[in-house]
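> This is the content of structure.cif (mmCIF, C-alpha atoms and all ligand atoms):
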data_my_file
loop_
_atom_site.group_PDB
_atom_site.id
_atom_site.type_symbol
_atom_site.label_atom_id
_atom_site.label_comp_id
_atom_site.auth_asym_id
_atom_site.auth_seq_id
_atom_site.Cartn_x
_atom_site.Cartn_y
_atom_site.Cartn_z
ATOM 1 C CA MET A 1259 96.228 125.190 94.051
ATOM 2 C CA GLN A 1260 95.180 121.916 92.417
ATOM 3 C CA LYS A 1261 91.657 120.941 93.387
ATOM 4 C CA ILE A 1262 90.827 117.245 93.213
ATOM 5 C CA LEU A 1263 87.935 115.182 94.440
ATOM 6 C CA PHE A 1264 88.399 112.092 96.591
ATOM 7 C CA PHE A 1265 85.342 109.986 95.884
ATOM 8 C CA SER A 1266 84.865 108.022 99.103
ATOM 9 C CA SER A 1267 82.502 108.019 102.035
ATOM 10 C CA ASN A 1268 84.900 106.054 104.247
ATOM 11 C CA LYS A 1269 85.902 108.564 106.922
ATOM 12 C CA ASN A 1270 88.935 106.499 107.931
ATOM 13 C CA LYS A 1271 90.297 106.493 104.392
ATOM 14 C CA ILE A 1272 89.559 110.240 104.109
ATOM 15 C CA LYS A 1273 91.450 110.885 107.355
ATOM 16 C CA GLU A 1274 94.464 108.843 106.196
ATOM 17 C CA ILE A 1275 94.569 110.458 102.779
ATOM 18 C CA LYS A 1276 94.132 114.035 104.065
ATOM 19 C CA ASN A 1277 96.928 113.360 106.546
ATOM 20 C CA LYS A 1278 99.208 112.181 103.712
ATOM 21 C CA LEU A 1279 98.462 115.171 101.502
ATOM 22 C CA LYS A 1280 98.494 117.886 104.168
ATOM 23 C CA ASN A 1281 101.908 119.257 103.215
ATOM 24 C CA TYR A 1282 101.162 119.578 99.513
ATOM 25 C CA ASN A 1283 99.617 122.318 97.489
ATOM 26 C CA ILE A 1284 96.650 120.132 96.649
ATOM 27 C CA LYS A 1285 93.113 120.789 97.848
ATOM 28 C CA ILE A 1286 91.195 117.602 98.512
ATOM 29 C CA ILE A 1287 87.448 117.845 98.196
ATOM 30 C CA THR A 1288 85.390 115.034 99.669
ATOM 31 C CA ILE A 1289 81.781 113.982 99.430
ATOM 32 C CA LYS A 1290 79.334 113.119 102.166
ATOM 33 C CA LYS A 1291 77.310 109.952 101.927
ATOM 34 C CA ASN A 1292 73.842 111.429 101.831
ATOM 35 C CA LYS A 1293 70.700 111.234 99.801
ATOM 36 C CA GLU A 1294 72.007 113.639 97.158
ATOM 37 C CA VAL A 1295 74.986 111.502 96.175
ATOM 38 C CA SER A 1296 74.374 107.996 94.951
ATOM 39 C CA PHE A 1297 77.197 105.477 94.837
ATOM 40 C CA PRO A 1298 77.928 103.228 91.875
ATOM 41 C CA THR A 1299 77.800 99.458 92.256
ATOM 42 C CA GLU A 1300 81.316 98.091 92.602
ATOM 43 C CA SER A 1301 80.764 95.393 90.009
ATOM 44 C CA GLY A 1302 84.378 95.040 88.847
ATOM 45 C CA LEU A 1303 86.440 91.890 89.121
ATOM 46 C CA SER A 1304 89.630 93.586 90.305
ATOM 47 C CA PHE A 1305 90.738 96.371 92.653
ATOM 48 C CA ASN A 1306 91.636 98.522 89.619
ATOM 49 C CA GLU A 1307 88.238 98.033 87.997
ATOM 50 C CA ASN A 1308 86.353 98.932 91.173
ATOM 51 C CA ALA A 1309 88.552 101.950 91.875
ATOM 52 C CA SER A 1310 87.964 103.279 88.357
ATOM 53 C CA ILE A 1311 84.200 102.693 88.563
ATOM 54 C CA LYS A 1312 84.224 105.079 91.549
ATOM 55 C CA SER A 1313 86.648 107.665 90.118
ATOM 56 C CA ASN A 1314 84.831 107.800 86.755
ATOM 57 C CA PHE A 1315 81.525 108.173 88.523
ATOM 58 C CA GLY A 1316 82.841 111.032 90.694
ATOM 59 C CA PHE A 1317 84.319 112.783 87.654
ATOM 60 C CA LYS A 1318 81.021 112.575 85.754
ATOM 61 C CA ILE A 1319 79.032 114.090 88.622
ATOM 62 C CA TYR A 1320 81.417 116.796 89.839
ATOM 63 C CA LYS A 1321 83.289 117.508 86.573
ATOM 64 C CA ILE A 1322 86.660 117.845 88.285
ATOM 65 C CA PRO A 1323 89.583 115.397 88.354
ATOM 66 C CA CYS A 1324 88.638 112.674 90.754
ATOM 67 C CA PHE A 1325 90.413 109.810 92.483
ATOM 68 C CA ALA A 1326 89.115 106.819 94.376
ATOM 69 C CA ASP A 1327 90.667 103.957 96.284
ATOM 70 C CA ASP A 1328 89.643 100.346 96.239
ATOM 71 C CA SER A 1329 91.388 98.211 98.748
ATOM 72 C CA GLY A 1330 91.158 95.035 100.728
ATOM 73 C CA ILE A 1331 92.920 92.182 102.402
ATOM 74 C CA CYS A 1332 93.934 88.882 100.771
ATOM 75 C CA ILE A 1333 94.386 86.031 103.219
ATOM 76 C CA SER A 1334 96.328 82.938 102.218
ATOM 77 C CA ALA A 1335 94.290 80.557 104.425
ATOM 78 C CA LEU A 1336 91.163 81.826 102.638
ATOM 79 C CA LYS A 1337 92.645 81.295 99.170
ATOM 80 C CA ASN A 1338 93.434 85.022 98.986
ATOM 81 C CA MET A 1339 89.884 86.002 99.771
ATOM 82 C CA PRO A 1340 88.115 88.269 100.697
ATOM 83 C CA GLY A 1341 90.120 90.594 98.381
ATOM 84 C CA ILE A 1342 87.773 92.928 96.537
ATOM 85 C CA ALA A 1343 84.922 91.660 98.741
ATOM 86 C CA SER A 1344 86.632 92.769 101.976
ATOM 87 C CA LYS A 1345 83.922 95.250 102.964
ATOM 88 C CA LYS A 1346 81.099 92.813 102.187
ATOM 89 C CA PHE A 1347 82.860 89.984 103.999
ATOM 90 C CA LEU A 1348 83.005 91.827 107.333
ATOM 91 C CA LYS A 1349 79.422 93.004 106.910
ATOM 92 C CA SER A 1350 78.242 89.414 106.475
ATOM 93 C CA PHE A 1351 78.867 88.759 110.194
ATOM 94 C CA LYS A 1352 76.699 90.051 113.018
ATOM 95 C CA THR A 1353 79.622 92.132 114.252
ATOM 96 C CA GLU A 1354 83.038 92.993 112.816
ATOM 97 C CA SER A 1355 84.725 91.225 115.731
ATOM 98 C CA GLU A 1356 82.951 87.996 114.818
ATOM 99 C CA GLY A 1357 84.319 88.323 111.283
ATOM 100 C CA LEU A 1358 87.841 88.913 112.584
ATOM 101 C CA GLN A 1359 87.509 85.938 114.944
ATOM 102 C CA TYR A 1360 86.459 83.726 112.020
ATOM 103 C CA ILE A 1361 89.709 84.667 110.249
ATOM 104 C CA LEU A 1362 91.804 84.067 113.387
ATOM 105 C CA ASP A 1363 90.253 80.600 113.793
ATOM 106 C CA ILE A 1364 90.797 79.571 110.194
ATOM 107 C CA THR A 1365 94.400 80.806 110.004
ATOM 108 C CA LYS A 1366 95.215 78.911 113.237
ATOM 109 C CA LYS A 1367 93.506 75.767 111.999
ATOM 110 C CA LYS A 1368 95.472 75.869 108.742
ATOM 111 C CA MET A 1369 98.644 77.181 110.428
ATOM 112 C CA ASP A 1370 98.889 79.649 107.570
ATOM 113 C CA PHE A 1371 99.115 83.271 108.695
ATOM 114 C CA ASP A 1372 100.230 84.988 105.466
ATOM 115 C CA ALA A 1373 98.164 87.927 104.257
ATOM 116 C CA TYR A 1374 98.526 91.165 102.368
ATOM 117 C CA PHE A 1375 96.640 94.419 101.946
ATOM 118 C CA TYR A 1376 96.267 95.816 98.454
ATOM 119 C CA SER A 1377 95.235 99.276 97.361
ATOM 120 C CA SER A 1378 94.431 100.612 93.940
ATOM 121 C CA ILE A 1379 94.056 104.340 93.418
ATOM 122 C CA ALA A 1380 92.349 105.309 90.186
ATOM 123 C CA PHE A 1381 92.676 108.926 89.058
ATOM 124 C CA THR A 1382 90.224 110.084 86.411
ATOM 125 C CA ILE A 1383 91.666 113.171 84.756
ATOM 126 C CA ASN A 1384 89.107 113.591 81.992
ATOM 127 C CA ASN A 1385 86.461 111.702 80.018
ATOM 128 C CA THR A 1386 89.017 109.466 78.371
ATOM 129 C CA LYS A 1387 91.917 109.182 80.812
ATOM 130 C CA THR A 1388 92.112 107.225 84.043
ATOM 131 C CA ILE A 1389 95.452 106.198 85.518
ATOM 132 C CA PHE A 1390 96.297 103.809 88.349
ATOM 133 C CA PHE A 1391 98.665 103.699 91.321
ATOM 134 C CA ASN A 1392 98.974 100.508 93.332
ATOM 135 C CA GLY A 1393 100.331 99.596 96.738
ATOM 136 C CA ILE A 1394 100.806 96.338 98.585
ATOM 137 C CA VAL A 1395 101.880 95.548 102.142
ATOM 138 C CA LYS A 1396 102.639 91.975 103.129
ATOM 139 C CA GLY A 1397 102.306 90.640 106.637
ATOM 140 C CA LEU A 1398 100.789 88.128 108.997
ATOM 141 C CA ILE A 1399 97.431 87.572 110.665
ATOM 142 C CA SER A 1400 97.913 88.003 114.424
ATOM 143 C CA GLN A 1401 97.026 85.475 117.138
ATOM 144 C CA LYS A 1402 94.323 87.749 118.537
ATOM 145 C CA PRO A 1403 92.829 91.180 117.775
ATOM 146 C CA LEU A 1404 95.064 93.932 119.140
ATOM 147 C CA GLY A 1405 94.756 97.717 119.208
ATOM 148 C CA LEU A 1406 91.990 100.252 118.978
ATOM 149 C CA GLY A 1407 93.119 102.462 116.103
ATOM 150 C CA GLY A 1408 92.447 102.204 112.398
ATOM 151 C CA PHE A 1409 89.485 100.323 110.985
ATOM 152 C CA GLY A 1410 88.378 97.098 109.327
ATOM 153 C CA TYR A 1411 91.034 94.392 109.492
ATOM 154 C CA ASP A 1412 93.655 96.577 111.223
ATOM 155 C CA PRO A 1413 93.411 94.782 114.624
ATOM 156 C CA ILE A 1414 94.505 91.430 113.135
ATOM 157 C CA PHE A 1415 97.160 92.499 110.610
ATOM 158 C CA ILE A 1416 100.865 92.728 111.507
ATOM 159 C CA PRO A 1417 102.933 94.177 108.646
ATOM 160 C CA ARG A 1418 106.088 92.218 107.794
ATOM 161 C CA GLY A 1419 109.046 93.207 109.984
ATOM 162 C CA LYS A 1420 106.823 94.842 112.633
ATOM 163 C CA LYS A 1421 105.660 93.619 116.031
ATOM 164 C CA ASN A 1422 102.366 95.478 116.223
ATOM 165 C CA THR A 1423 99.103 95.368 114.332
ATOM 166 C CA PHE A 1424 98.007 98.345 112.228
ATOM 167 C CA ALA A 1425 95.403 99.070 114.921
ATOM 168 C CA GLU A 1426 98.153 99.500 117.529
ATOM 169 C CA MET A 1427 99.920 102.126 115.408
ATOM 170 C CA THR A 1428 99.375 105.864 115.209
ATOM 171 C CA ILE A 1429 97.943 107.167 111.936
ATOM 172 C CA GLU A 1430 101.449 108.407 111.032
ATOM 173 C CA GLU A 1431 103.058 105.024 111.758
ATOM 174 C CA LYS A 1432 100.465 103.226 109.644
ATOM 175 C CA ASN A 1433 100.794 105.864 106.943
ATOM 176 C CA ASN A 1434 104.544 105.243 106.712
ATOM 177 C CA ILE A 1435 104.052 101.694 105.511
ATOM 178 C CA SER A 1436 100.468 100.988 104.482
ATOM 179 C CA HIS A 1437 99.265 99.751 101.093
ATOM 180 C CA ARG A 1438 97.208 102.934 100.585
ATOM 181 C CA SER A 1439 100.183 105.051 101.526
ATOM 182 C CA ILE A 1440 102.418 103.342 98.973
ATOM 183 C CA ALA A 1441 99.778 103.946 96.285
ATOM 184 C CA ILE A 1442 99.240 107.538 97.436
ATOM 185 C CA ASN A 1443 102.988 108.249 97.398
ATOM 186 C CA LYS A 1444 103.073 107.215 93.738
ATOM 187 C CA PHE A 1445 100.030 109.420 93.113
ATOM 188 C CA ILE A 1446 101.642 112.425 94.856
ATOM 189 C CA ASN A 1447 104.795 111.849 92.850
ATOM 190 C CA TYR A 1448 102.719 111.940 89.681
ATOM 191 C CA LEU A 1449 100.848 115.090 90.730
ATOM 192 C CA THR A 1450 103.926 117.007 91.772
ATOM 193 C CA LYS A 1451 106.727 115.767 89.518
ATOM 194 C CA THR A 1452 105.176 115.164 86.128
ATOM 195 C CA ALA A 1453 103.543 117.681 83.853
ATOM 196 C CA SER A 1454 100.399 118.865 85.568
ATOM 197 C CA PRO A 1455 97.453 116.803 84.377
ATOM 198 C CA LEU A 1456 94.959 119.495 85.381
HETATM 199 P P1 LIG B 1501 86.319 99.554 99.718
HETATM 200 O O1 LIG B 1501 85.782 100.802 100.332
HETATM 201 O O2 LIG B 1501 85.386 98.848 98.801
HETATM 202 O O3 LIG B 1501 87.672 99.774 99.105
HETATM 203 O O4 LIG B 1501 86.467 98.545 100.941
HETATM 204 C C1 LIG B 1501 87.651 98.200 101.419
HETATM 205 C C2 LIG B 1501 87.466 97.351 102.685
HETATM 206 O O5 LIG B 1501 88.690 96.657 102.871
HETATM 207 C C3 LIG B 1501 87.256 98.202 103.916
HETATM 208 O O6 LIG B 1501 85.907 98.382 104.223
HETATM 209 C C4 LIG B 1501 87.992 97.396 104.985
HETATM 210 O O7 LIG B 1501 87.169 96.379 105.490
HETATM 211 C C5 LIG B 1501 89.123 96.753 104.194
HETATM 212 N N1 LIG B 1501 90.314 97.633 104.232
HETATM 213 C C6 LIG B 1501 90.841 98.370 103.225
HETATM 214 N N2 LIG B 1501 91.921 99.068 103.635
HETATM 215 C C7 LIG B 1501 92.057 98.760 104.935
HETATM 216 C C8 LIG B 1501 92.983 99.188 105.933
HETATM 217 O O8 LIG B 1501 93.884 100.018 105.724
HETATM 218 N N3 LIG B 1501 92.810 98.653 107.147
HETATM 219 C C9 LIG B 1501 91.838 97.754 107.446
HETATM 220 N N4 LIG B 1501 90.927 97.351 106.566
HETATM 221 C C10 LIG B 1501 91.041 97.849 105.317
#
What would you get if you wrote out this structure as structure tokens?

Amino acid sequence: MQKILFFSSNKNKIKEIKNKLKNYNIKIITIKKNKEVSFPTESGLSFNENASIKSNFGFKIYKIPCFADDSGICISALKNMPGIASKKFLKSFKTESEGLQYILDITKKKMDFDAYFYSSIAFTINNTKTIFFNGIVKGLISQKPLGLGGFGYDPIFIPRGKKNTFAEMTIEEKNNISHRSIAINKFINYLTKTASPL
């Protein structure tokens, strides 16, 4: 069985990714955010750069093939921000709901509800090789926060062609269409269909 490390401390991402990979002959090892594992600064200027900073870091510490995801939401009314700063952006408010409300107010004021989620998966196979898989899901910012599932921006994002926010969907429903899922599907395809990189 292929053993690969998913370098992330985000338990929601871990849950989504384990759910996607459960039917494959791939063992996913995860890390726990504790004092023994430091995290690199995500100093890149793109999703790909930040994802590879994390996957390279994980590979160097654990010495096994390692992948990492960097993702975020780009909102038209905010000039496609917060993008790679999505985590920081929500943290800059007293509560996450205040951050979401700020977005709802600005999109209504500008009457521009377009947004998309982007995910980059970087897979570091060895010291010299890192490859990327990307996924994008376009949609709209909702009129109000809806749903209790998911995390982050899920309560205010309605994927194109759907009526519900990501937070109103089951993990399987979100996993059928999400940005991370699209990227992961490409990754699984690579792991299972091409010559084994391990
Ligand atoms: P990262 O861990 O630096 O990639 O941070 C990504 C941030 O983007 C997360 O903390 C969330 O705020 C947001 N984000 C990424 N993917 C999703 C998603 O699927 N749903 C909701 N928010 C997401």
> Quick one: of A:Thr1450, A:Gln1359, A:Ser1329, A:Asn1283, who's nearest to Met1259 (chain A), counting only C-alpha atoms?
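Among the listed residues, the smallest separation from Met1259 (chain A) belongs to A:Asn1283.
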> Show me which residues sit within 9 Å of ligand LIG 1501 (chain B) when counting all atoms listed in the file, and put them as a PyMOL selection string.
chain A and resi 1266-1268+1270-1271+1274+1300+1305+1308-1309+1326-1331+1340-1349+1375-1378+1408-1415+1424-1425+1432+1436-1438
> What separation in Å, quoted to one decimal, exists between CA of Ile1379 (chain A) and CA of Ser1400 (chain A)?
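Distance reported for this atom pair: 26.9 Å.
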> Using all atoms of region 1351-1370 of chain A that appear in the file, construct an axis-aligned enclosing box with 6 Å of padding on every side and provide its centre coordinates and edge lengths in Å, rounded to one decimal, as JSON.

{"center_x": 87.8, "center_y": 84.4, "center_z": 111.7, "size_x": 34.2, "size_y": 29.2, "size_z": 20.2}
> Please enumerate the residues selected by the PyMOL selection byres (((chain A and resi 1261) around 10) and not hetatm) when evaluated against the supplied file, formatted as a list in words.
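Answer for the PyMOL selection byres (((chain A and resi 1261) around 10) and not hetatm): Met1259, Gln1260, Ile1262, Leu1263, Phe1264, Asn1283, Ile1284, Lys1285, Ile1286, Ile1287, Ile1322, Pro1323, Cys1324 and Leu1456 of chain A.
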> Could you work out how far CA of Ile1319 (chain A) lies from CA of Ile1442 (chain A), giving the answer in Å with one decimal?
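Here the two named atoms are 23.0 Å from each other.
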> Could you tell me how far CA of Ser1334 (chain A) lies from CA of Phe1371 (chain A), in Å and to one decimal?
7.1 Å
> So, with only C-alpha atoms as the atoms that count, which of A:Met1339, A:Ile1289, A:Ser1310, A:Tyr1448 lies closest to Asp1372 (chain A)?
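The closest residue to Asp1372 (chain A) is A:Met1339.
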> Measuring atom to atom with only C-alpha atoms, identify which of A:Leu1279, A:Met1427, A:Ala1373, A:Ile1361 is nearest to Cys1332 (chain A).
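That would be A:Ala1373, the residue with the smallest distance to Cys1332 (chain A).
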> Identify all residues satisfying the PyMOL selection byres (((chain A and resi 1416) around 6) and not hetatm) in the given file; provide them as a ChimeraX atom specification.
/A:1397-1398,1415,1417,1422-1423
> Closest to Glu1430 (chain A) among A:Gly1407, A:Leu1358, A:Thr1382, A:Arg1418, using all atoms listed in the file?
A:Gly1407
> For a quick check of understanding, using only C-alpha atoms, which of A:Met1369, A:Leu1362, A:Val1395, A:Leu1303 has the smallest distance to Asn1433 (chain A)?
A:Val1395
